[in-house]
Amino acid sequence: REYKKADIRYRQARFNLGDMIKRHITVIKTMYLPHFSKRMQQRVIEKYQPIFRAWYYGVPETDCWSMVKCRKQILKPREAEYEGL
């Protein structure tokens with residue numbers, strides 16, 4: 001029983017992490033990047049794009065609290081494409 005509770009918490013934490021990463025990318029793209037010059041924006045994008053892409057695809061996008069086949073679903077790659085900075 002303790003294992004099942006821990007497993008559910010782990011899956012939910014992975015989903016929350018994926019959601020937070022998505023929000024973080026959106027905030028950087030919409031709020032912070034416009035304040036920089038075009039040249040500086042390009043430098044920031046070139047530097048951080050690979051990191052954000054790896055973060056984005058590294059965590060699942062599916063919240064599978066009540067699904068029976070969650071273990072298989074959580075291992076699938078994201079279906080939503082990475083939009084980038």
# chains A, B, ... in the order shown; residues from 1 in each chain; ligands from 1
call {"tool": "residues_around", "arguments": {"residues": "Gly18 of chain A", "least_positions_apart": "2", "cutoff": "7 Å", "atoms": "only C-alpha atoms", "output": "list in words"}}
result
Arg14, Phe15, Asn16, Met20, Ile21, Lys22, Tyr56, Val59, Pro60 and Glu61 of chain A
call {"tool": "write_last_selection", "arguments": {"atoms": "N, CA, C and O atoms", "output": "short mmCIF file (atom, residue, chain, number, x, y, z; two decimals), in the first residue's frame"}}
result
data_model
loop_
_atom_site.label_atom_id
_atom_site.label_comp_id
_atom_site.auth_asym_id
_atom_site.auth_seq_id
_atom_site.Cartn_x
_atom_site.Cartn_y
_atom_site.Cartn_z
N ARG A 14 5.88 14.15 -11.35
CA ARG A 14 6.42 14.26 -12.72
C ARG A 14 5.50 15.09 -13.60
O ARG A 14 5.96 15.90 -14.40
N PHE A 15 4.20 14.90 -13.45
CA PHE A 15 3.26 15.71 -14.23
C PHE A 15 3.37 17.18 -13.83
O PHE A 15 3.41 18.06 -14.69
N ASN A 16 3.43 17.46 -12.53
CA ASN A 16 3.56 18.85 -12.07
C ASN A 16 4.85 19.48 -12.58
O ASN A 16 4.85 20.67 -12.94
N MET A 20 5.07 22.76 -14.91
CA MET A 20 5.86 23.91 -14.49
C MET A 20 6.89 24.29 -15.56
O MET A 20 7.11 25.48 -15.83
N ILE A 21 7.50 23.31 -16.19
CA ILE A 21 8.47 23.59 -17.25
C ILE A 21 7.78 24.30 -18.41
O ILE A 21 8.30 25.27 -18.96
N LYS A 22 6.61 23.83 -18.77
CA LYS A 22 5.85 24.45 -19.86
C LYS A 22 5.52 25.90 -19.53
O LYS A 22 5.68 26.80 -20.36
N TYR A 56 11.59 19.83 -21.74
CA TYR A 56 10.21 19.68 -22.21
C TYR A 56 9.91 18.24 -22.58
O TYR A 56 8.88 17.70 -22.20
N VAL A 59 9.82 15.04 -19.55
CA VAL A 59 8.75 14.74 -18.59
C VAL A 59 7.43 14.54 -19.33
O VAL A 59 7.23 15.12 -20.39
N PRO A 60 6.54 13.72 -18.79
CA PRO A 60 5.28 13.45 -19.50
C PRO A 60 4.32 14.62 -19.43
O PRO A 60 4.41 15.47 -18.55
N GLU A 61 3.39 14.66 -20.37
CA GLU A 61 2.38 15.70 -20.37
C GLU A 61 1.04 15.19 -19.88
O GLU A 61 0.08 15.90 -19.80
#
call {"tool": "closest_residue", "arguments": {"among": "A:Lys4, A:Gln49, A:Ala13, A:Ser37", "to": "Ile25 of chain A", "atoms": "only C-alpha atoms"}}
result
A:Gln49
call {"tool": "atom_distance", "arguments": {"atom1": "atom CA of Arg43 of chain A", "atom2": "atom CA of Ile28 of chain A"}}
result
13.9 Å
call {"tool": "atom_distance", "arguments": {"atom1": "atom CA of Trp55 of chain A", "atom2": "atom CA of Glu2 of chain A"}}
result
29.1 Å
call {"tool": "atom_distance", "arguments": {"atom1": "atom CA of Glu83 of chain A", "atom2": "atom CA of Arg53 of chain A"}}
result
9.0 Å
